[in-house]
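Next comes coords.txt, a file with compact mmCIF, C-alpha atoms.
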```txt
# COMPACT_ATOMS: atom_id res chain seq x y z
CA MET A 1 46.08 25.52 -88.25
CA ILE A 2 46.93 22.54 -86.06
CA ILE A 3 50.45 23.87 -85.57
CA LYS A 4 49.07 27.29 -84.62
CA LYS A 5 46.79 25.76 -81.98
CA LEU A 6 49.68 23.69 -80.63
CA VAL A 7 51.87 26.77 -80.28
CA LEU A 8 49.10 28.63 -78.44
CA PHE A 9 48.63 25.65 -76.07
CA ILE A 10 52.37 25.49 -75.29
CA PHE A 11 52.47 29.26 -74.75
CA PHE A 12 49.54 29.48 -72.34
CA PHE A 13 49.89 26.19 -70.47
CA PRO A 14 52.85 27.19 -68.22
CA ILE A 15 51.05 30.36 -67.16
CA THR A 16 47.86 28.48 -66.30
CA ALA A 17 49.78 25.78 -64.48
CA LEU A 18 51.68 28.39 -62.48
CA ALA A 19 48.46 30.14 -61.46
CA GLU A 20 46.93 26.86 -60.32
CA THR A 21 49.92 26.03 -58.14
CA THR A 22 49.96 29.34 -56.27
CA SER A 23 49.73 28.41 -52.61
CA THR A 24 46.75 29.45 -50.51
CA LEU A 25 47.14 30.10 -46.79
CA THR A 26 43.83 29.52 -44.98
CA ILE A 27 43.28 31.46 -41.77
CA TYR A 28 40.31 30.96 -39.45
CA ALA A 29 39.45 34.33 -37.92
CA PRO A 30 36.57 35.96 -36.01
CA ASP A 31 34.07 38.07 -37.94
CA TYR A 32 35.30 41.33 -36.40
CA PHE A 33 38.86 40.61 -37.53
CA ILE A 34 38.06 40.18 -41.21
CA SER A 35 35.36 42.84 -41.48
CA GLU A 36 36.06 45.83 -43.71
CA TRP A 37 36.85 47.98 -40.65
CA GLY A 38 38.95 45.27 -38.95
CA PRO A 39 42.66 44.54 -39.45
CA GLY A 40 42.12 41.49 -41.67
CA PRO A 41 41.91 43.13 -45.12
CA LYS A 42 45.06 45.24 -44.60
CA ILE A 43 46.95 42.26 -43.18
CA LYS A 44 45.91 40.14 -46.17
CA GLU A 45 47.09 42.79 -48.62
CA ALA A 46 50.41 43.28 -46.83
CA PHE A 47 51.18 39.58 -46.50
CA GLU A 48 50.26 38.71 -50.07
CA ARG A 49 52.80 41.30 -51.26
CA LYS A 50 55.48 39.34 -49.42
CA CYS A 51 54.48 35.70 -49.91
CA ASN A 52 53.47 35.44 -53.58
CA CYS A 53 50.47 33.51 -52.32
CA ASN A 54 46.76 33.84 -51.67
CA LEU A 55 45.56 34.46 -48.13
CA LYS A 56 42.04 33.18 -47.52
CA TYR A 57 40.01 33.97 -44.40
CA VAL A 58 37.27 31.72 -43.05
CA SER A 59 35.02 33.63 -40.64
CA GLY A 60 33.37 32.49 -37.43
CA ASP A 61 34.64 31.20 -34.09
CA PRO A 62 38.08 29.80 -35.03
CA LEU A 63 38.40 27.34 -32.16
CA SER A 64 34.86 25.99 -32.49
CA LYS A 65 35.44 25.33 -36.18
CA LEU A 66 38.70 23.53 -35.49
CA MET A 67 37.10 21.39 -32.78
CA LEU A 68 34.42 20.26 -35.25
CA GLU A 69 36.84 19.55 -38.10
CA GLY A 70 39.70 17.96 -36.16
CA LYS A 71 42.62 16.73 -38.23
CA SER A 72 40.67 17.20 -41.47
CA THR A 73 40.60 20.98 -40.97
CA ARG A 74 41.29 23.33 -43.85
CA ALA A 75 42.92 25.81 -41.47
CA ASP A 76 46.64 26.55 -41.61
CA ILE A 77 46.46 29.33 -39.00
CA LEU A 78 44.01 30.33 -36.29
CA ILE A 79 43.97 33.98 -35.27
CA GLY A 80 41.87 35.80 -32.70
CA LEU A 81 42.05 33.20 -29.93
CA SER A 82 41.85 34.64 -26.42
CA SER A 83 44.30 33.68 -23.69
CA ASP A 84 41.47 32.04 -21.72
CA GLN A 85 40.93 29.57 -24.59
CA ILE A 86 44.47 28.20 -24.53
CA LEU A 87 43.82 25.15 -22.36
CA LYS A 88 40.89 24.01 -24.50
CA ALA A 89 42.91 24.63 -27.66
CA ARG A 90 46.02 22.86 -26.38
CA LYS A 91 44.06 19.71 -25.51
CA LEU A 92 43.19 19.25 -29.20
CA ASN A 93 46.83 18.40 -29.97
CA LEU A 94 46.45 20.04 -33.37
CA PHE A 95 48.92 22.91 -33.06
CA ASP A 96 52.60 23.12 -33.92
CA LYS A 97 55.24 25.02 -31.98
CA ILE A 98 56.57 28.35 -33.17
CA ASN A 99 59.88 27.85 -34.96
CA PHE A 100 61.56 31.14 -34.04
CA ASP A 101 62.56 33.03 -30.91
CA PHE A 102 60.62 36.13 -29.95
CA SER A 103 60.22 38.74 -27.22
CA LEU A 104 57.21 40.92 -26.51
CA PRO A 105 58.43 44.08 -24.78
CA GLN A 106 55.07 45.89 -24.93
CA LEU A 107 53.12 43.06 -23.29
CA PRO A 108 52.79 43.76 -19.52
CA ILE A 109 53.09 40.07 -18.60
CA ASN A 110 55.88 37.55 -19.14
CA TRP A 111 54.90 35.40 -22.13
CA LYS A 112 56.94 32.30 -22.91
CA ASP A 113 54.40 29.96 -24.54
CA PRO A 114 56.03 28.13 -27.49
CA THR A 115 52.75 27.51 -29.36
CA PHE A 116 50.39 30.48 -28.98
CA LEU A 117 51.71 33.81 -30.24
CA PRO A 118 50.20 37.10 -28.98
CA PHE A 119 49.55 39.73 -31.63
CA ASP A 120 47.71 42.35 -29.56
CA TRP A 121 46.39 43.01 -26.07
CA SER A 122 44.38 45.36 -23.90
CA TYR A 123 43.17 45.75 -20.35
CA VAL A 124 39.59 44.69 -19.63
CA SER A 125 37.77 47.72 -18.28
CA PHE A 126 34.42 49.39 -17.89
CA ILE A 127 33.82 52.33 -20.20
CA TYR A 128 31.53 55.01 -18.78
CA ASP A 129 29.84 58.17 -19.98
CA ASN A 130 31.68 60.91 -18.09
CA THR A 131 28.82 63.36 -18.63
CA LYS A 132 26.55 61.12 -16.57
CA ILE A 133 28.89 59.63 -13.97
CA ILE A 134 31.09 62.09 -12.08
CA ASN A 135 33.79 60.86 -9.67
CA PRO A 136 33.34 57.19 -10.57
CA PRO A 137 34.19 54.32 -8.16
CA LYS A 138 37.80 53.17 -8.01
CA THR A 139 37.31 49.61 -6.71
CA PHE A 140 34.79 46.85 -7.29
CA ILE A 141 33.60 47.24 -3.70
CA GLU A 142 32.95 50.93 -4.31
CA LEU A 143 31.21 50.08 -7.58
CA ALA A 144 29.01 47.46 -5.90
CA ASN A 145 28.11 49.80 -3.03
CA ASP A 146 27.69 52.98 -5.09
CA PRO A 147 24.24 54.36 -4.15
CA ARG A 148 23.86 56.28 -7.41
CA ASP A 149 21.28 55.02 -9.88
CA TYR A 150 23.10 54.12 -13.09
CA LYS A 151 23.06 50.98 -15.18
CA ILE A 152 25.82 48.72 -16.49
CA ILE A 153 25.81 46.32 -19.45
CA ILE A 154 28.07 43.25 -19.39
CA GLN A 155 28.63 40.13 -21.49
CA ASP A 156 27.80 36.54 -20.59
CA PRO A 157 30.95 34.67 -19.43
CA ARG A 158 29.60 31.46 -20.94
CA THR A 159 29.57 32.91 -24.47
CA SER A 160 31.89 35.92 -24.42
CA PRO A 161 35.66 36.07 -23.82
CA SER A 162 35.36 39.54 -22.31
CA GLY A 163 32.54 38.36 -20.03
CA LEU A 164 34.69 35.45 -18.87
CA ALA A 165 37.62 37.80 -18.30
CA LEU A 166 35.44 39.93 -16.00
CA ILE A 167 34.44 37.12 -13.67
CA LEU A 168 38.01 35.78 -13.55
CA TRP A 169 39.22 39.31 -12.82
CA ILE A 170 36.84 39.72 -9.87
CA LYS A 171 37.45 36.17 -8.61
CA SER A 172 41.23 36.65 -8.69
CA ILE A 173 40.95 39.78 -6.53
CA TYR A 174 38.23 38.80 -4.07
CA GLY A 175 38.32 35.02 -3.90
CA ASP A 176 35.51 33.77 -1.65
CA GLU A 177 34.06 37.28 -1.45
CA ALA A 178 33.40 37.41 -5.21
CA PHE A 179 29.83 36.17 -4.71
CA ASP A 180 29.06 39.11 -2.42
CA ILE A 181 30.43 41.54 -5.00
CA TRP A 182 28.18 40.06 -7.68
CA SER A 183 25.16 39.99 -5.37
CA LYS A 184 25.47 43.76 -4.90
CA LEU A 185 26.46 44.50 -8.50
CA SER A 186 23.50 42.57 -9.91
CA SER A 187 21.08 45.43 -9.14
CA LYS A 188 23.16 47.71 -11.38
CA ILE A 189 23.29 45.29 -14.33
CA LEU A 190 20.78 46.43 -16.94
CA THR A 191 21.27 43.37 -19.13
CA VAL A 192 23.73 40.61 -20.02
CA THR A 193 24.36 40.14 -23.73
CA LYS A 194 25.78 37.17 -25.59
CA GLY A 195 28.67 39.14 -27.06
CA TRP A 196 30.57 42.41 -26.90
CA SER A 197 29.12 44.05 -30.03
CA GLU A 198 25.55 43.95 -28.77
CA SER A 199 26.60 45.35 -25.38
CA TYR A 200 28.59 48.19 -26.85
CA GLY A 201 25.91 49.11 -29.33
CA MET A 202 23.40 49.46 -26.49
CA PHE A 203 25.84 51.61 -24.54
CA THR A 204 26.62 53.98 -27.42
CA SER A 205 22.90 54.35 -28.13
CA GLY A 206 22.45 55.65 -24.58
CA GLU A 207 20.71 52.68 -22.97
CA ALA A 208 23.21 52.49 -20.09
CA GLU A 209 25.85 54.68 -18.49
CA MET A 210 28.57 52.02 -18.33
CA VAL A 211 29.59 48.93 -20.31
CA LEU A 212 32.15 46.15 -20.01
CA SER A 213 34.82 46.63 -22.65
CA PHE A 214 38.53 47.49 -22.87
CA ILE A 215 40.68 50.46 -21.96
CA THR A 216 41.49 50.94 -25.65
CA SER A 217 37.82 51.59 -26.43
CA GLN A 218 38.45 55.10 -25.09
CA ALA A 219 41.03 55.61 -27.84
CA TYR A 220 38.48 54.64 -30.48
CA HIS A 221 36.04 57.32 -29.35
CA GLU A 222 38.72 59.98 -29.09
CA ILE A 223 40.48 59.19 -32.38
CA ALA A 224 37.72 57.94 -34.67
CA GLU A 225 34.84 60.04 -33.34
CA ASN A 226 36.54 63.01 -31.65
CA ASP A 227 34.39 62.12 -28.64
CA LYS A 228 35.92 62.59 -25.19
CA THR A 229 32.80 61.70 -23.21
CA LYS A 230 33.64 57.96 -23.06
CA THR A 231 36.28 57.15 -20.44
CA ALA A 232 37.93 53.95 -19.21
CA LEU A 233 37.28 53.27 -15.51
CA ILE A 234 40.64 52.58 -13.85
CA MET A 235 40.44 50.31 -10.82
CA ASN A 236 42.97 50.62 -7.99
CA GLU A 237 43.02 46.81 -7.64
CA GLY A 238 44.55 46.41 -11.10
CA HIS A 239 43.17 45.27 -14.44
CA TYR A 240 42.90 41.94 -16.23
CA VAL A 241 45.20 41.63 -19.24
CA TYR A 242 43.34 40.36 -22.30
CA VAL A 243 45.63 38.85 -24.94
CA GLU A 244 44.73 37.84 -28.50
CA LEU A 245 46.70 35.05 -30.12
CA ALA A 246 47.64 33.34 -33.36
CA ALA A 247 48.56 29.66 -33.64
CA LYS A 248 49.83 27.39 -36.41
CA VAL A 249 47.98 24.15 -37.17
CA ASN A 250 50.26 21.11 -37.24
CA LYS A 251 50.18 19.95 -40.86
CA GLU A 252 52.81 19.45 -43.55
CA GLU A 253 50.82 21.27 -46.21
CA ASN A 254 51.77 24.97 -46.33
CA GLU A 255 54.16 24.57 -43.40
CA ASP A 256 56.69 27.05 -44.79
CA LEU A 257 53.95 29.55 -45.59
CA SER A 258 52.46 29.17 -42.11
CA ASN A 259 55.86 29.78 -40.54
CA GLN A 260 56.28 32.86 -42.72
CA PHE A 261 52.94 34.26 -41.56
CA MET A 262 53.68 33.64 -37.88
CA GLU A 263 56.92 35.62 -38.22
CA PHE A 264 55.03 38.33 -40.12
CA VAL A 265 52.72 38.78 -37.10
CA LEU A 266 55.52 40.41 -35.12
CA THR A 267 56.79 42.70 -37.88
CA ASN A 268 56.29 46.45 -37.81
CA GLU A 269 54.14 46.16 -40.93
CA PHE A 270 51.61 43.92 -39.14
CA GLN A 271 51.85 45.60 -35.75
CA LYS A 272 51.23 49.11 -37.11
CA ILE A 273 47.88 47.94 -38.50
CA ILE A 274 46.59 46.84 -35.09
CA PRO A 275 45.91 50.05 -33.09
CA LEU A 276 43.62 51.86 -35.54
CA SER A 277 41.80 48.80 -36.87
CA ASN A 278 41.58 46.33 -33.99
CA TRP A 279 41.70 49.12 -31.39
CA SER A 280 44.15 47.27 -29.19
CA PHE A 281 47.74 47.68 -28.07
CA PRO A 282 50.35 46.05 -30.37
CA VAL A 283 52.68 43.55 -28.70
CA ASN A 284 55.84 44.40 -30.63
CA LEU A 285 55.82 48.08 -31.50
CA PRO A 286 57.60 50.71 -29.36
CA GLU A 287 55.14 52.90 -27.49
CA GLU A 288 56.53 56.04 -29.10
CA ASN A 289 55.27 54.63 -32.43
CA TRP A 290 51.72 54.17 -31.17
CA PRO A 291 49.08 56.72 -32.18
CA ILE A 292 49.06 59.61 -29.68
CA GLY A 293 45.60 58.63 -28.46
CA PHE A 294 46.98 55.25 -27.38
CA GLN A 295 50.06 56.74 -25.74
CA ASN A 296 47.85 59.00 -23.62
CA LEU A 297 45.41 56.36 -22.42
CA PRO A 298 45.07 55.87 -18.65
CA LYS A 299 46.72 52.67 -17.47
CA PRO A 300 46.43 50.73 -14.22
CA GLU A 301 49.35 50.39 -11.86
CA LYS A 302 48.87 46.62 -11.63
CA SER A 303 48.40 44.01 -14.37
CA ILE A 304 46.40 40.88 -13.53
CA PHE A 305 46.70 37.70 -15.56
CA ILE A 306 45.58 34.14 -14.82
CA ASN A 307 47.38 31.32 -16.62
CA GLU A 308 45.44 28.49 -18.23
CA ASP A 309 45.81 26.05 -15.33
CA ASN A 310 44.67 28.51 -12.67
CA SER A 311 41.88 29.71 -14.94
CA ALA A 312 40.64 26.14 -15.35
CA GLU A 313 40.62 25.68 -11.57
CA ILE A 314 38.43 28.68 -10.79
CA ARG A 315 36.41 29.08 -13.99
CA GLU A 316 33.44 26.81 -13.20
CA LEU A 317 33.07 28.10 -9.64
CA ALA A 318 33.35 31.72 -10.79
CA ILE A 319 30.62 31.20 -13.40
CA GLU A 320 28.42 29.39 -10.90
CA GLU A 321 28.78 32.19 -8.35
CA TRP A 322 28.02 34.82 -10.98
CA LEU A 323 24.97 32.95 -12.27
CA THR A 324 23.56 32.38 -8.77
CA ALA A 325 24.05 36.02 -7.80
CA MET A 326 22.50 37.30 -11.04
CA THR A 327 19.37 35.10 -10.75
CA LYS A 328 18.58 35.77 -7.07
```
Please rewrite the model in this file as C-alpha cells.
Amino acid sequence: MIIKKLVLFIFFFPITALAETTSTLTIYAPDYFISEWGPGPKIKEAFERKCNCNLKYVSGDPLSKLMLEGKSTRADILIGLSSDQILKARKLNLFDKINFDFSLPQLPINWKDPTFLPFDWSYVSFIYDNTKIINPPKTFIELANDPRDYKIIIQDPRTSPSGLALILWIKSIYGDEAFDIWSKLSSKILTVTKGWSESYGMFTSGEAEMVLSFITSQAYHEIAENDKTKTALIMNEGHYVYVELAAKVNKEENEDLSNQFMEFVLTNEFQKIIPLSNWSFPVNLPEENWPIGFQNLPKPEKSIFINEDNSAEIRELAIEEWLTAMTK
C-alpha cells in the first residue's frame, strides 16, 4: 500500500509542479478593453495559444494603478494608454524600451518612440445625427457661429482622454483665439460628462444631435447596427490623431514573455482583432485588409498631432480657457 501511494505521488508530482510553474503575464488594461465586447478576450485567447502561459488582465485606469503601486507593481504590461499620457508615464521611470525594430505604415504620423508602442488609432471627431443636422459646419468657427438650435455632448478634459484631445485640437488650430471659440460653443454644449461612454449613451438615446467621439464610431453604427444615420463630422482644419499604446514595465520577472507580447501586438493576428472590437484603425494592417466599412470612412486631409512636450506646454492653459468659457 505504501509503495502504491509512493508511485502515485511520483506520477502526479511532475504534472502538478509543471502547472504551478506556468508563467502568468499580467496586463493592466481599461475596462472597455477587457469587456466581453472589447478586444481583450480574443487577444488573450490568441496569445495564450502562442506563449504556453496565462494572460491575466487587471481592469481600471492602467496608469493610475501603476502610479499608486510604483516599483512594487504586479503589472508586466500596460495597454490602453493614450498618447497624451506619455509624459506623465515617462516620468515614472518604470518602463523598459522596446527590444525590436518596427514601422507603422498605417499611422498617419511619424512615430519613433522607443518605449510606447501604438496598437491602434483614430481621428477625434464629432458624430452627428444626419437626419437632424443637414449641411453641417466644416470648421470650428462655423460650428461656434451656427445659428441652428442643436445640442452637443462632450467629455471633461480633466477626466477624459477624448475630452483632453478636443481642447488640444482646438488650441493647436486657433491659439489665442481658442477662448473665443469656446465662449461661442458653450451655448451649444448640452452637458459635459466624465467619460466617453456616458456621453455616447446619451447621444444614442436621442438626448443630443452631436457628440464628441471618433471617426471610427461611424463604422460601428454602419457595420454593427446597419445604421447610416450617424456620421463623422469632417473639419477642413484637420483632425487630431488619437493613438492608443502599450508599454512594457521594466522588471526582470517575465521579461521574455513581456517582449513576446509586445511583438505580438504588431502581428496580423492581433491587428485583425482591433477594427471590429475596439472600433479603431489598426496600426500595422494594410488598408485593403480592413473591413469595408473602415475603408470607406471619410478622412480629413490633414492630421494634427501634438507631441508630449508641446502638449505639456499648452495643456493647463487650454483647460483653464475651456473651464472659464464654459462657466461664464
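If you measure from each of A:Ile154, A:Val243, A:Val211, A:Met202 to Leu81 of chain A using all atoms listed in the file, the closest one turns out to be A:Val243.
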Answer as JSON, numbers by chain, residues within 9 Å of (20.2, 50.2, -23.2) using all atoms listed in the file | {"A": [151, 152, 153, 190, 191, 199, 201, 202, 203, 204, 205, 206, 207, 208, 209]}
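Once Ala318 of chain A and its same-chain neighbours fewer than 4 positions away are set aside, Ile167, Leu168, Lys171, Ala178, Ile314 and Trp322 of chain A remain within 8 Å of it when counting all atoms listed in the file.
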Top pick for closest residue to Glu316 of chain A, considering A:Leu164, A:Leu185, A:Ile215, A:Leu245 and counting all atoms listed in the file |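 Closest to Glu316 of chain A of all the choices is A:Leu164.
Among the candidate residues A:Met262, A:Ile86, A:Glu308, A:Pro298, the one lying nearest to Phe119 of chain A is A:Met262, with distances computed using all atoms listed in the file.
Atom CA of Ala75 of chain A sits 10.3 Å away from atom CA of Glu253 of chain A.
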Work out how far apart atom CA of Gly293 of chain A and atom CA of Glu237 of chain A are and give it in Å to one decimal.
->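 Going from atom CA of Gly293 of chain A over to atom CA of Glu237 of chain A, I get 24.1 Å.
Pairwise distance (atom CA of Asp61 of chain A, atom CA of Tyr28 of chain A) equals 7.8 Å.
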Spatial neighbours of Val241 of chain A, 7 Å, all atoms listed in the file, chain gap at least 2 places, as a list in words =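 Using all atoms listed in the file, the neighbours found are Ser122, Tyr123, Val124, His239, Val243, Ser303, Ile304 and Phe305 of chain A.
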Using all atoms listed in the file, which of the listed residues (A:Ser213, A:Phe261, A:Ala165, A:Thr159) sits closest to Ile306 of chain A?
->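 Nearest to Ile306 of chain A: A:Ala165.
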Between A:Gly238, A:Pro105, A:Pro286, A:Pro118, which is the closest to Glu301 of chain A once you count only C-alpha atoms?
-> A:Gly238
Please report, as AutoDock Vina command-line options, the centre and edge lengths in Å to one decimal of an axis-aligned box covering all listed atoms of segment 186-195 of chain A with 4 Å per side.
```
--center_x 24.7 --center_y 42.4 --center_z -18.1 --size_x 15.9 --size_y 18.5 --size_z 25.9
```
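Nearest residue to Ser103 of chain A among A:Val58, A:Ile27, A:Tyr242, A:Leu117 is A:Leu117, counting only C-alpha atoms.
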Export segment 67-92 of chain A from the structure block above, keeping N, CA and C atoms, as a PDB file, in the first residue's frame.
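Saved result, out-v4.pdb, follows:
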```pdb
ATOM      1  N   MET A  67       0.944  54.276 -10.987  1.00  0.00           N
ATOM      2  CA  MET A  67       1.428  55.400 -10.181  1.00  0.00           C
ATOM      3  C   MET A  67       1.271  55.112  -8.693  1.00  0.00           C
ATOM      4  N   LEU A  68       0.204  54.429  -8.310  1.00  0.00           N
ATOM      5  CA  LEU A  68      -0.027  54.084  -6.904  1.00  0.00           C
ATOM      6  C   LEU A  68       0.925  52.980  -6.436  1.00  0.00           C
ATOM      7  N   GLU A  69       1.181  52.012  -7.300  1.00  0.00           N
ATOM      8  CA  GLU A  69       1.965  50.841  -6.908  1.00  0.00           C
ATOM      9  C   GLU A  69       3.465  51.051  -7.034  1.00  0.00           C
ATOM     10  N   GLY A  70       3.888  51.881  -7.976  1.00  0.00           N
ATOM     11  CA  GLY A  70       5.320  52.114  -8.163  1.00  0.00           C
ATOM     12  C   GLY A  70       6.054  50.844  -8.537  1.00  0.00           C
ATOM     13  N   LYS A  71       7.248  50.696  -8.020  1.00  0.00           N
ATOM     14  CA  LYS A  71       8.103  49.555  -8.363  1.00  0.00           C
ATOM     15  C   LYS A  71       7.559  48.220  -7.863  1.00  0.00           C
ATOM     16  N   SER A  72       6.616  48.248  -6.941  1.00  0.00           N
ATOM     17  CA  SER A  72       6.039  47.004  -6.427  1.00  0.00           C
ATOM     18  C   SER A  72       4.863  46.509  -7.271  1.00  0.00           C
ATOM     19  N   THR A  73       4.648  47.123  -8.417  1.00  0.00           N
ATOM     20  CA  THR A  73       3.505  46.776  -9.261  1.00  0.00           C
ATOM     21  C   THR A  73       3.512  45.318  -9.688  1.00  0.00           C
ATOM     22  N   ARG A  74       2.317  44.786  -9.879  1.00  0.00           N
ATOM     23  CA  ARG A  74       2.162  43.431 -10.407  1.00  0.00           C
ATOM     24  C   ARG A  74       2.179  43.436 -11.934  1.00  0.00           C
ATOM     25  N   ALA A  75       2.076  44.612 -12.532  1.00  0.00           N
ATOM     26  CA  ALA A  75       1.929  44.709 -13.980  1.00  0.00           C
ATOM     27  C   ALA A  75       3.217  44.345 -14.718  1.00  0.00           C
ATOM     28  N   ASP A  76       3.067  43.585 -15.787  1.00  0.00           N
ATOM     29  CA  ASP A  76       4.155  43.352 -16.734  1.00  0.00           C
ATOM     30  C   ASP A  76       4.006  44.271 -17.949  1.00  0.00           C
ATOM     31  N   ILE A  77       2.751  44.511 -18.328  1.00  0.00           N
ATOM     32  CA  ILE A  77       2.412  45.322 -19.499  1.00  0.00           C
ATOM     33  C   ILE A  77       1.287  46.281 -19.127  1.00  0.00           C
ATOM     34  N   LEU A  78       1.338  47.486 -19.662  1.00  0.00           N
ATOM     35  CA  LEU A  78       0.195  48.393 -19.632  1.00  0.00           C
ATOM     36  C   LEU A  78      -0.297  48.546 -21.055  1.00  0.00           C
ATOM     37  N   ILE A  79      -1.607  48.477 -21.243  1.00  0.00           N
ATOM     38  CA  ILE A  79      -2.176  48.662 -22.571  1.00  0.00           C
ATOM     39  C   ILE A  79      -3.385  49.589 -22.460  1.00  0.00           C
ATOM     40  N   GLY A  80      -3.587  50.412 -23.489  1.00  0.00           N
ATOM     41  CA  GLY A  80      -4.697  51.349 -23.459  1.00  0.00           C
ATOM     42  C   GLY A  80      -4.308  52.742 -23.019  1.00  0.00           C
ATOM     43  N   LEU A  81      -3.011  53.022 -22.927  1.00  0.00           N
ATOM     44  CA  LEU A  81      -2.562  54.382 -22.637  1.00  0.00           C
ATOM     45  C   LEU A  81      -2.850  55.265 -23.842  1.00  0.00           C
ATOM     46  N   SER A  82      -3.170  56.530 -23.606  1.00  0.00           N
ATOM     47  CA  SER A  82      -3.335  57.462 -24.721  1.00  0.00           C
ATOM     48  C   SER A  82      -2.033  58.227 -24.931  1.00  0.00           C
ATOM     49  N   SER A  83      -1.875  58.762 -26.128  1.00  0.00           N
ATOM     50  CA  SER A  83      -0.635  59.479 -26.443  1.00  0.00           C
ATOM     51  C   SER A  83      -0.452  60.712 -25.564  1.00  0.00           C
ATOM     52  N   ASP A  84      -1.540  61.286 -25.053  1.00  0.00           N
ATOM     53  CA  ASP A  84      -1.429  62.463 -24.202  1.00  0.00           C
ATOM     54  C   ASP A  84      -1.029  62.118 -22.764  1.00  0.00           C
ATOM     55  N   GLN A  85      -0.896  60.834 -22.460  1.00  0.00           N
ATOM     56  CA  GLN A  85      -0.447  60.401 -21.130  1.00  0.00           C
ATOM     57  C   GLN A  85       1.047  60.065 -21.094  1.00  0.00           C
ATOM     58  N   ILE A  86       1.703  60.153 -22.242  1.00  0.00           N
ATOM     59  CA  ILE A  86       3.083  59.681 -22.334  1.00  0.00           C
ATOM     60  C   ILE A  86       4.019  60.412 -21.374  1.00  0.00           C
ATOM     61  N   LEU A  87       3.932  61.721 -21.311  1.00  0.00           N
ATOM     62  CA  LEU A  87       4.859  62.483 -20.472  1.00  0.00           C
ATOM     63  C   LEU A  87       4.728  62.073 -19.012  1.00  0.00           C
ATOM     64  N   LYS A  88       3.500  61.964 -18.538  1.00  0.00           N
ATOM     65  CA  LYS A  88       3.260  61.553 -17.150  1.00  0.00           C
ATOM     66  C   LYS A  88       3.792  60.134 -16.914  1.00  0.00           C
ATOM     67  N   ALA A  89       3.564  59.257 -17.886  1.00  0.00           N
ATOM     68  CA  ALA A  89       4.029  57.878 -17.762  1.00  0.00           C
ATOM     69  C   ALA A  89       5.553  57.800 -17.792  1.00  0.00           C
ATOM     70  N   ARG A  90       6.168  58.561 -18.677  1.00  0.00           N
ATOM     71  CA  ARG A  90       7.629  58.506 -18.817  1.00  0.00           C
ATOM     72  C   ARG A  90       8.338  58.957 -17.545  1.00  0.00           C
ATOM     73  N   LYS A  91       7.754  59.943 -16.858  1.00  0.00           N
ATOM     74  CA  LYS A  91       8.376  60.484 -15.651  1.00  0.00           C
ATOM     75  C   LYS A  91       8.426  59.484 -14.498  1.00  0.00           C
ATOM     76  N   LEU A  92       7.662  58.398 -14.606  1.00  0.00           N
ATOM     77  CA  LEU A  92       7.689  57.374 -13.557  1.00  0.00           C
ATOM     78  C   LEU A  92       8.971  56.555 -13.583  1.00  0.00           C
TER      79      LEU A  92
END
```
